[in-house]
>>> print(open('model-v6.cif').read())   # mmCIF, C-alpha atoms
data_entry
loop_
_atom_site.label_atom_id
_atom_site.label_comp_id
_atom_site.auth_asym_id
_atom_site.auth_seq_id
_atom_site.Cartn_x
_atom_site.Cartn_y
_atom_site.Cartn_z
CA MET A 1 113.21 -102.68 99.22
CA THR A 2 115.34 -102.60 96.12
CA GLY A 3 114.98 -104.70 93.02
CA THR A 4 118.12 -106.68 93.83
CA THR A 5 118.57 -109.67 96.09
CA GLY A 6 118.25 -108.80 99.76
CA THR A 7 120.28 -109.72 102.83
CA LEU A 8 119.63 -112.08 105.72
CA VAL A 9 120.95 -110.68 109.00
CA LEU A 10 121.38 -112.96 112.01
CA ALA A 11 121.40 -110.78 115.13
CA GLY A 12 122.55 -111.73 118.59
CA THR A 13 120.28 -110.62 121.43
CA PRO A 14 121.08 -110.29 125.15
CA ILE A 15 121.14 -113.52 127.14
CA GLY A 16 120.17 -111.61 130.27
CA ASP A 17 121.20 -108.01 130.77
CA VAL A 18 119.64 -105.84 128.05
CA ALA A 19 122.59 -103.46 128.34
CA ASP A 20 124.63 -106.13 126.56
CA ALA A 21 122.70 -105.56 123.33
CA PRO A 22 125.19 -104.83 120.54
CA PRO A 23 124.92 -101.25 119.23
CA ARG A 24 124.07 -102.40 115.69
CA LEU A 25 121.09 -104.39 116.92
CA ALA A 26 118.92 -101.31 117.51
CA ALA A 27 119.69 -99.91 114.05
CA GLU A 28 118.90 -103.22 112.34
CA LEU A 29 115.64 -103.59 114.25
CA GLU A 30 114.55 -100.11 113.22
CA THR A 31 115.39 -100.45 109.53
CA ALA A 32 114.83 -104.10 108.57
CA ASP A 33 112.08 -104.76 106.03
CA VAL A 34 111.13 -107.94 107.86
CA VAL A 35 111.92 -108.97 111.44
CA ALA A 36 111.55 -112.70 112.06
CA ALA A 37 111.42 -113.32 115.81
CA GLU A 38 111.28 -116.53 117.82
CA ASP A 39 108.82 -114.85 120.19
CA THR A 40 107.20 -111.61 119.06
CA ARG A 41 106.25 -110.72 122.63
CA ARG A 42 109.85 -110.94 123.76
CA LEU A 43 110.85 -108.89 120.75
CA ARG A 44 108.38 -106.21 121.82
CA ARG A 45 109.84 -106.13 125.32
CA LEU A 46 113.36 -105.86 123.87
CA THR A 47 112.50 -102.94 121.60
CA GLN A 48 110.78 -101.18 124.49
CA ALA A 49 113.86 -101.66 126.66
CA LEU A 50 116.04 -100.27 123.86
CA GLY A 51 113.66 -97.34 123.32
CA ILE A 52 113.13 -98.08 119.63
CA HIS A 53 110.37 -99.13 117.22
CA THR A 54 110.42 -101.59 114.35
CA THR A 55 109.22 -100.17 111.02
CA GLY A 56 109.20 -103.37 109.02
CA ARG A 57 106.85 -106.34 109.09
CA VAL A 58 107.23 -108.55 112.18
CA VAL A 59 106.61 -112.29 111.85
CA SER A 60 107.08 -115.22 114.19
CA TYR A 61 109.77 -117.76 113.39
CA PHE A 62 110.03 -120.60 115.89
CA GLU A 63 110.48 -124.35 115.96
CA GLY A 64 106.82 -125.03 115.26
CA ASN A 65 106.60 -122.97 112.05
CA GLU A 66 110.25 -122.85 110.94
CA SER A 67 109.82 -125.28 108.04
CA ALA A 68 106.63 -123.64 106.77
CA ARG A 69 107.81 -120.04 107.08
CA THR A 70 111.30 -120.46 105.62
CA PRO A 71 110.16 -120.41 101.94
CA GLU A 72 108.17 -117.21 102.58
CA LEU A 73 111.22 -115.46 104.05
CA VAL A 74 113.47 -116.71 101.25
CA GLU A 75 111.11 -115.24 98.69
CA ALA A 76 111.17 -111.92 100.53
CA LEU A 77 114.98 -112.04 100.45
CA ALA A 78 114.98 -112.92 96.76
CA GLY A 79 112.79 -109.88 96.16
CA GLY A 80 115.29 -107.54 97.80
CA ALA A 81 114.18 -107.46 101.44
CA ARG A 82 116.55 -107.08 104.36
CA VAL A 83 115.36 -109.78 106.75
CA LEU A 84 116.52 -109.65 110.37
CA LEU A 85 116.38 -112.90 112.37
CA VAL A 86 116.40 -112.76 116.17
CA THR A 87 115.77 -115.43 118.79
CA ASP A 88 114.86 -115.17 122.46
CA ALA A 89 118.49 -114.94 123.58
CA GLY A 90 121.92 -115.32 122.00
CA MET A 91 122.70 -116.09 118.37
CA PRO A 92 120.17 -117.61 115.97
CA SER A 93 120.98 -121.13 114.74
CA VAL A 94 122.83 -122.06 117.95
CA SER A 95 120.27 -124.43 119.51
CA ASP A 96 117.67 -121.96 118.23
CA PRO A 97 115.75 -121.47 114.96
CA GLY A 98 117.80 -120.24 112.03
CA TYR A 99 119.69 -123.10 110.43
CA ARG A 100 117.00 -123.87 107.86
CA LEU A 101 116.72 -120.26 106.78
CA VAL A 102 120.48 -119.82 106.49
CA ALA A 103 120.82 -123.01 104.46
CA ALA A 104 117.96 -121.98 102.16
CA ALA A 105 119.41 -118.51 101.66
CA VAL A 106 122.85 -119.90 100.87
CA GLU A 107 121.26 -122.29 98.37
CA ARG A 108 119.74 -119.29 96.56
CA ASP A 109 123.03 -117.39 96.67
CA ILE A 110 121.54 -114.75 98.99
CA LYS A 111 123.90 -112.77 101.20
CA VAL A 112 123.94 -113.79 104.87
CA THR A 113 125.62 -111.67 107.52
CA ALA A 114 125.48 -111.29 111.29
CA VAL A 115 125.33 -108.79 114.11
CA PRO A 116 127.55 -110.48 116.72
CA GLY A 117 126.16 -110.57 120.21
CA PRO A 118 126.20 -112.28 123.60
CA SER A 119 126.67 -116.04 123.68
CA ALA A 120 125.82 -118.32 126.61
CA VAL A 121 128.29 -120.88 125.26
CA LEU A 122 131.30 -118.56 125.23
CA THR A 123 130.31 -116.78 128.45
CA ALA A 124 129.99 -120.07 130.33
CA LEU A 125 133.31 -121.31 128.95
CA ALA A 126 135.09 -118.15 130.06
CA LEU A 127 133.63 -118.37 133.57
CA SER A 128 134.00 -122.11 134.05
CA GLY A 129 137.65 -122.17 135.07
CA LEU A 130 138.16 -125.16 132.77
CA PRO A 131 140.49 -125.34 129.74
CA VAL A 132 139.06 -123.37 126.80
CA ASP A 133 141.78 -123.70 124.19
CA ARG A 134 139.72 -126.45 122.56
CA PHE A 135 136.03 -127.10 123.14
CA CYS A 136 132.90 -128.55 121.56
CA PHE A 137 129.23 -127.62 121.89
CA GLU A 138 126.75 -130.49 122.38
CA GLY A 139 123.54 -128.49 122.87
CA PHE A 140 120.64 -130.16 124.69
CA LEU A 141 120.92 -133.84 125.59
CA PRO A 142 118.02 -136.22 124.82
CA ARG A 143 115.23 -136.19 127.38
CA LYS A 144 114.82 -139.96 127.67
CA THR A 145 117.17 -141.65 130.13
CA GLY A 146 118.45 -144.35 127.79
CA GLU A 147 119.03 -141.96 124.90
CA ARG A 148 120.75 -139.47 127.20
CA LEU A 149 123.12 -142.14 128.53
CA GLY A 150 123.80 -143.26 124.98
CA LYS A 151 124.76 -139.76 123.88
CA LEU A 152 127.00 -139.30 126.92
CA ARG A 153 128.73 -142.60 126.19
CA GLU A 154 129.45 -141.34 122.67
CA VAL A 155 131.39 -138.36 124.04
CA ALA A 156 132.89 -140.05 127.11
CA GLY A 157 136.33 -140.08 125.51
CA GLU A 158 136.13 -136.50 124.19
CA ARG A 159 139.25 -134.63 125.32
CA ARG A 160 137.97 -131.15 124.53
CA THR A 161 135.97 -129.22 127.11
CA MET A 162 132.27 -129.83 126.44
CA VAL A 163 129.37 -127.37 126.70
CA PHE A 164 125.75 -128.44 127.15
CA PHE A 165 122.43 -126.63 127.54
CA GLU A 166 119.90 -128.08 129.97
CA ALA A 167 116.48 -127.33 131.38
CA PRO A 168 116.51 -126.66 135.14
CA HIS A 169 114.03 -129.45 135.94
CA ARG A 170 116.27 -132.03 134.20
CA LEU A 171 119.60 -130.77 135.55
CA ASP A 172 119.82 -133.20 138.47
CA ASP A 173 119.21 -136.24 136.24
CA THR A 174 121.68 -134.98 133.65
CA LEU A 175 124.45 -134.34 136.17
CA ALA A 176 123.85 -137.74 137.77
CA ALA A 177 124.11 -139.37 134.33
CA MET A 178 127.29 -137.43 133.58
CA ALA A 179 128.80 -138.53 136.90
CA GLU A 180 127.92 -142.12 136.06
CA VAL A 181 129.35 -142.07 132.54
CA PHE A 182 132.26 -139.63 132.89
CA GLY A 183 133.12 -140.43 136.52
CA GLU A 184 132.16 -138.59 139.69
CA ASP A 185 135.51 -136.79 139.88
CA ARG A 186 135.33 -135.19 136.41
CA ARG A 187 135.40 -131.40 136.87
CA ALA A 188 132.48 -129.30 135.68
CA ALA A 189 130.74 -125.96 136.10
CA VAL A 190 127.04 -125.21 136.16
CA CYS A 191 126.39 -121.66 134.97
CA ARG A 192 122.97 -120.34 135.91
CA GLU A 193 121.19 -117.12 134.91
CA LEU A 194 124.25 -115.70 133.13
CA THR A 195 124.43 -111.87 133.14
CA LYS A 196 121.19 -111.69 135.14
CA THR A 197 120.60 -110.50 138.70
CA TYR A 198 120.94 -113.97 140.26
CA GLU A 199 123.87 -115.17 138.16
CA GLU A 200 125.62 -118.15 139.72
CA VAL A 201 128.52 -120.36 138.67
CA ARG A 202 128.82 -123.56 140.68
CA ARG A 203 132.10 -125.41 140.11
CA GLY A 204 133.17 -128.84 141.32
CA PRO A 205 133.29 -132.57 140.58
CA LEU A 206 130.26 -133.98 138.79
CA GLY A 207 129.34 -136.13 141.77
CA GLU A 208 129.12 -133.12 144.08
CA LEU A 209 127.24 -131.04 141.52
CA ALA A 210 124.67 -133.83 141.07
CA VAL A 211 123.99 -133.84 144.83
CA TRP A 212 123.65 -130.05 144.83
CA ALA A 213 121.27 -130.04 141.86
CA ALA A 214 119.03 -132.67 143.48
CA GLU A 215 117.77 -129.93 145.82
CA GLY A 216 116.32 -128.07 142.84
CA VAL A 217 117.77 -125.40 140.55
CA ARG A 218 116.03 -122.60 138.67
CA GLY A 219 116.88 -120.44 135.68
CA GLU A 220 118.64 -120.78 132.34
CA ILE A 221 121.37 -123.42 132.61
CA THR A 222 124.64 -124.00 130.75
CA VAL A 223 126.87 -126.89 131.84
CA VAL A 224 130.59 -126.98 131.07
CA VAL A 225 132.39 -130.31 131.54
CA GLU A 226 136.11 -131.03 131.50
CA GLY A 227 137.29 -133.25 128.68
CA ALA A 228 138.60 -136.76 129.24
CA ALA A 229 142.14 -136.95 130.56
CA ASP A 230 144.95 -137.77 128.17
CA THR A 231 146.36 -140.93 129.69
CA GLY A 232 149.37 -140.86 127.40
CA GLY A 233 148.69 -144.40 126.32
CA GLU A 234 148.18 -145.70 129.88
CA LYS A 235 145.40 -148.29 129.84
CA PRO A 236 142.41 -148.05 132.20
CA ASP A 237 142.55 -150.24 135.30
CA ALA A 238 140.14 -153.10 135.92
CA ALA A 239 137.77 -151.00 138.01
CA GLU A 240 137.45 -148.45 135.21
CA LEU A 241 136.78 -151.20 132.67
CA VAL A 242 134.04 -152.62 134.88
CA ARG A 243 132.51 -149.17 135.34
CA ARG A 244 132.35 -148.54 131.62
CA VAL A 245 130.72 -151.91 130.96
CA ARG A 246 128.20 -151.31 133.75
CA VAL A 247 127.23 -147.91 132.33
CA ARG A 248 126.54 -149.46 128.97
CA GLU A 249 124.55 -152.35 130.45
CA GLU A 250 122.39 -150.00 132.48
CA ALA A 251 121.67 -148.06 129.31
CA GLY A 252 120.27 -151.22 127.72
CA GLU A 253 123.22 -152.88 125.98
CA ARG A 254 123.76 -156.62 126.34
CA ARG A 255 126.88 -157.51 128.32
CA LYS A 256 128.61 -159.04 125.30
CA GLU A 257 128.01 -155.88 123.27
CA ALA A 258 129.10 -153.65 126.16
CA ILE A 259 132.33 -155.58 126.60
CA ALA A 260 133.07 -155.40 122.88
CA ALA A 261 132.41 -151.64 122.84
CA VAL A 262 134.65 -150.97 125.84
CA ALA A 263 137.40 -153.10 124.32
CA ALA A 264 137.15 -151.11 121.09
CA GLU A 265 137.25 -147.70 122.78
CA THR A 266 140.24 -148.64 124.98
CA GLY A 267 142.16 -150.69 122.43
CA LEU A 268 142.27 -153.68 124.79
CA PRO A 269 141.48 -157.32 123.99
CA LYS A 270 137.88 -158.32 124.67
CA ARG A 271 139.17 -161.13 126.92
CA GLU A 272 140.86 -158.61 129.24
CA VAL A 273 137.67 -156.58 129.63
CA PHE A 274 135.64 -159.78 130.07
CA ASP A 275 137.99 -161.06 132.78
CA ALA A 276 137.76 -157.75 134.67
CA VAL A 277 133.95 -157.93 134.65
CA VAL A 278 133.90 -161.56 135.81
CA ALA A 279 136.44 -160.87 138.56
CA ALA A 280 134.37 -157.97 139.84
CA LYS A 281 131.24 -160.12 139.81
CA ASN A 282 132.99 -162.88 141.78
CA ALA A 283 134.42 -160.38 144.26
CA ALA A 284 130.94 -159.05 144.90
CA GLY A 285 129.78 -162.59 145.73
CA LYS A 286 127.28 -162.81 142.92
CA GLY A 287 128.05 -166.33 141.78
CA PRO A 288 130.66 -168.34 139.90
CA ALA A 289 132.63 -167.02 136.98
CA GLU A 290 131.14 -167.16 133.54
CA GLY A 291 133.48 -169.41 131.64
CA LYS A 292 132.90 -168.30 128.08
CA GLU A 293 135.01 -165.71 126.32
CA PRO A 294 133.00 -163.09 124.43
CA VAL A 295 133.21 -163.33 120.67
#
>>> encode(input="model-v6.cif", output="structure tokens")
Amino acid sequence: MTGTTGTLVLAGTPIGDVADAPPRLAAELETADVVAAEDTRRLRRLTQALGIHTTGRVVSYFEGNESARTPELVEALAGGARVLLVTDAGMPSVSDPGYRLVAAAVERDIKVTAVPGPSAVLTALALSGLPVDRFCFEGFLPRKTGERLGKLREVAGERRTMVFFEAPHRLDDTLAAMAEVFGEDRRAAVCRELTKTYEEVRRGPLGELAVWAAEGVRGEITVVVEGAADTGGEKPDAAELVRRVRVREEAGERRKEAIAAVAAETGLPKREVFDAVVAAKNAAGKGPAEGKEPV
């Protein structure tokens, strides 16, 4: 180490095939003063696969100790160390540890750079067959049903292609929720085990994908979902208004609040949304119309 301020290096690691490791990664691993790894055992397997050895100090840096270890690493950087940050797969900070350390380093005016590497987000986008000129990354959805539906409702009108990460054991519930909120016909792609031996990209409407996932899916999952259609100012029909209100009610909103929210997001009068809901209720034979207009 020198007596000047050091450098924080964020390094991308393979998301599957170790042959995808960027050439600079091996050199940084061999020469860094400190290697902060999300999982030191995985780091050991990676260095063995690359045929190299780390010479610097190796420390763990994961969600459970990220807050406590960040000051220690910042002090090492301030003392002139070259600190290399790697996660289990892909780029640090992208749904992985790293943000706190980057923010702390920037606050201390410490240089931060990166070794670009594989990205599950970009790989899934490229393979999805969906528009990629504009997209947004939403990471992992909440685990609880109500919170997950709430988050999906927030992005229901998003016109950019959306990318999500999901655990395999929650994929069926997530796709079913997406089909409910976005509509069963919304196009999507489930990308599984990217760059690995059993890589699979399943494309289709959300409704069909939800049925497929119900049988059980394994591996690392990235879901790409088509953005909402640009209606060009065309207002949703009554059935669509009723569907949107129903989704909100099932997520725990009171009907009056759900109607107001749907009216706001569509730009329609609350009375029009209210009338559509009442008409649907009457058509289903569930009783007389509710005569009050929502306020």
>>> closest_residue(input="model-v6.cif", among="A:Val247, A:Ala78, A:Ala11, A:Leu125", to="Val106 (chain A)", atoms="all atoms listed in the file")
A:Ala78
>>> atom_distance(input="model-v6.cif", atom1="CA of Phe62 (chain A)", atom2="CA of Pro97 (chain A)")
5.9 Å
>>> atom_distance(input="model-v6.cif", atom1="CA of Val115 (chain A)", atom2="CA of Val58 (chain A)")
18.2 Å
>>> atom_distance(input="model-v6.cif", atom1="CA of Gly16 (chain A)", atom2="CA of Thr195 (chain A)")
5.1 Å
>>> residues_around(input="model-v6.cif", residues="region 87-93 of chain A", least_positions_apart="5", cutoff="10 Å", atoms="only C-alpha atoms", output="PyMOL selection string")
chain A and resi 9-16+21+36-43+46+60-62+98-102+114-121
>>> write_last_selection(input="model-v6.cif", atoms="C-alpha atoms", output="mmCIF file, keeping the file's coordinate frame")
data_model
loop_
_atom_site.group_PDB
_atom_site.id
_atom_site.type_symbol
_atom_site.label_atom_id
_atom_site.label_comp_id
_atom_site.auth_asym_id
_atom_site.auth_seq_id
_atom_site.Cartn_x
_atom_site.Cartn_y
_atom_site.Cartn_z
ATOM 1 C CA VAL A 9 120.950 -110.680 109.000
ATOM 2 C CA LEU A 10 121.380 -112.960 112.010
ATOM 3 C CA ALA A 11 121.400 -110.780 115.130
ATOM 4 C CA GLY A 12 122.550 -111.730 118.590
ATOM 5 C CA THR A 13 120.280 -110.620 121.430
ATOM 6 C CA PRO A 14 121.080 -110.290 125.150
ATOM 7 C CA ILE A 15 121.140 -113.520 127.140
ATOM 8 C CA GLY A 16 120.170 -111.610 130.270
ATOM 9 C CA ALA A 21 122.700 -105.560 123.330
ATOM 10 C CA ALA A 36 111.550 -112.700 112.060
ATOM 11 C CA ALA A 37 111.420 -113.320 115.810
ATOM 12 C CA GLU A 38 111.280 -116.530 117.820
ATOM 13 C CA ASP A 39 108.820 -114.850 120.190
ATOM 14 C CA THR A 40 107.200 -111.610 119.060
ATOM 15 C CA ARG A 41 106.250 -110.720 122.630
ATOM 16 C CA ARG A 42 109.850 -110.940 123.760
ATOM 17 C CA LEU A 43 110.850 -108.890 120.750
ATOM 18 C CA LEU A 46 113.360 -105.860 123.870
ATOM 19 C CA SER A 60 107.080 -115.220 114.190
ATOM 20 C CA TYR A 61 109.770 -117.760 113.390
ATOM 21 C CA PHE A 62 110.030 -120.600 115.890
ATOM 22 C CA GLY A 98 117.800 -120.240 112.030
ATOM 23 C CA TYR A 99 119.690 -123.100 110.430
ATOM 24 C CA ARG A 100 117.000 -123.870 107.860
ATOM 25 C CA LEU A 101 116.720 -120.260 106.780
ATOM 26 C CA VAL A 102 120.480 -119.820 106.490
ATOM 27 C CA ALA A 114 125.480 -111.290 111.290
ATOM 28 C CA VAL A 115 125.330 -108.790 114.110
ATOM 29 C CA PRO A 116 127.550 -110.480 116.720
ATOM 30 C CA GLY A 117 126.160 -110.570 120.210
ATOM 31 C CA PRO A 118 126.200 -112.280 123.600
ATOM 32 C CA SER A 119 126.670 -116.040 123.680
ATOM 33 C CA ALA A 120 125.820 -118.320 126.610
ATOM 34 C CA VAL A 121 128.290 -120.880 125.260
#
>>> resolve_selection(input="model-v6.cif", expression="the PyMOL selection byres ((chain A and resi 155-164) around 9)", output="ChimeraX atom specification")
/A:121,124-125,130-141,151-154,165-166,178,181-182,221-230,265
>>> closest_residue(input="model-v6.cif", among="A:Ala283, A:Leu8, A:Ala103, A:Leu25", to="Gly79 (chain A)", atoms="all atoms listed in the file")
A:Leu8
>>> residues_around(input="model-v6.cif", residues="region 235-241 of chain A", least_positions_apart="2", cutoff="8 Å", atoms="only C-alpha atoms", output="compact mmCIF listing (two decimals) with C-alpha atoms, in the coordinates of the input")
# COMPACT_ATOMS: atom_id res chain seq x y z
CA THR A 231 146.36 -140.93 129.69
CA GLY A 233 148.69 -144.40 126.32
CA ARG A 243 132.51 -149.17 135.34
CA ARG A 244 132.35 -148.54 131.62
CA VAL A 245 130.72 -151.91 130.96
CA VAL A 262 134.65 -150.97 125.84
CA THR A 266 140.24 -148.64 124.98
CA VAL A 273 137.67 -156.58 129.63
CA ALA A 276 137.76 -157.75 134.67
CA VAL A 277 133.95 -157.93 134.65
CA ALA A 280 134.37 -157.97 139.84
>>> residues_around(input="model-v6.cif", residues="region 201-211 of chain A", least_positions_apart="4", cutoff="10 Å", atoms="all atoms listed in the file", output="PyMOL selection string")
chain A and resi 124+127-130+171-180+182-194+215-216+221-226
>>> write_last_selection(input="model-v6.cif", atoms="C-alpha atoms", output="PDB file, in the coordinates of the input")
ATOM      1  CA  ALA A 124     129.990-120.070 130.330  1.00  0.00           C
ATOM      2  CA  LEU A 127     133.630-118.370 133.570  1.00  0.00           C
ATOM      3  CA  SER A 128     134.000-122.110 134.050  1.00  0.00           C
ATOM      4  CA  GLY A 129     137.650-122.170 135.070  1.00  0.00           C
ATOM      5  CA  LEU A 130     138.160-125.160 132.770  1.00  0.00           C
ATOM      6  CA  LEU A 171     119.600-130.770 135.550  1.00  0.00           C
ATOM      7  CA  ASP A 172     119.820-133.200 138.470  1.00  0.00           C
ATOM      8  CA  ASP A 173     119.210-136.240 136.240  1.00  0.00           C
ATOM      9  CA  THR A 174     121.680-134.980 133.650  1.00  0.00           C
ATOM     10  CA  LEU A 175     124.450-134.340 136.170  1.00  0.00           C
ATOM     11  CA  ALA A 176     123.850-137.740 137.770  1.00  0.00           C
ATOM     12  CA  ALA A 177     124.110-139.370 134.330  1.00  0.00           C
ATOM     13  CA  MET A 178     127.290-137.430 133.580  1.00  0.00           C
ATOM     14  CA  ALA A 179     128.800-138.530 136.900  1.00  0.00           C
ATOM     15  CA  GLU A 180     127.920-142.120 136.060  1.00  0.00           C
ATOM     16  CA  PHE A 182     132.260-139.630 132.890  1.00  0.00           C
ATOM     17  CA  GLY A 183     133.120-140.430 136.520  1.00  0.00           C
ATOM     18  CA  GLU A 184     132.160-138.590 139.690  1.00  0.00           C
ATOM     19  CA  ASP A 185     135.510-136.790 139.880  1.00  0.00           C
ATOM     20  CA  ARG A 186     135.330-135.190 136.410  1.00  0.00           C
ATOM     21  CA  ARG A 187     135.400-131.400 136.870  1.00  0.00           C
ATOM     22  CA  ALA A 188     132.480-129.300 135.680  1.00  0.00           C
ATOM     23  CA  ALA A 189     130.740-125.960 136.100  1.00  0.00           C
ATOM     24  CA  VAL A 190     127.040-125.210 136.160  1.00  0.00           C
ATOM     25  CA  CYS A 191     126.390-121.660 134.970  1.00  0.00           C
ATOM     26  CA  ARG A 192     122.970-120.340 135.910  1.00  0.00           C
ATOM     27  CA  GLU A 193     121.190-117.120 134.910  1.00  0.00           C
ATOM     28  CA  LEU A 194     124.250-115.700 133.130  1.00  0.00           C
ATOM     29  CA  GLU A 215     117.770-129.930 145.820  1.00  0.00           C
ATOM     30  CA  GLY A 216     116.320-128.070 142.840  1.00  0.00           C
ATOM     31  CA  ILE A 221     121.370-123.420 132.610  1.00  0.00           C
ATOM     32  CA  THR A 222     124.640-124.000 130.750  1.00  0.00           C
ATOM     33  CA  VAL A 223     126.870-126.890 131.840  1.00  0.00           C
ATOM     34  CA  VAL A 224     130.590-126.980 131.070  1.00  0.00           C
ATOM     35  CA  VAL A 225     132.390-130.310 131.540  1.00  0.00           C
ATOM     36  CA  GLU A 226     136.110-131.030 131.500  1.00  0.00           C
TER      37      GLU A 226
END
>>> residues_around(input="model-v6.cif", residues="Thr54 (chain A)", least_positions_apart="3", cutoff="10 Å", atoms="only C-alpha atoms", output="count of residues only")
15
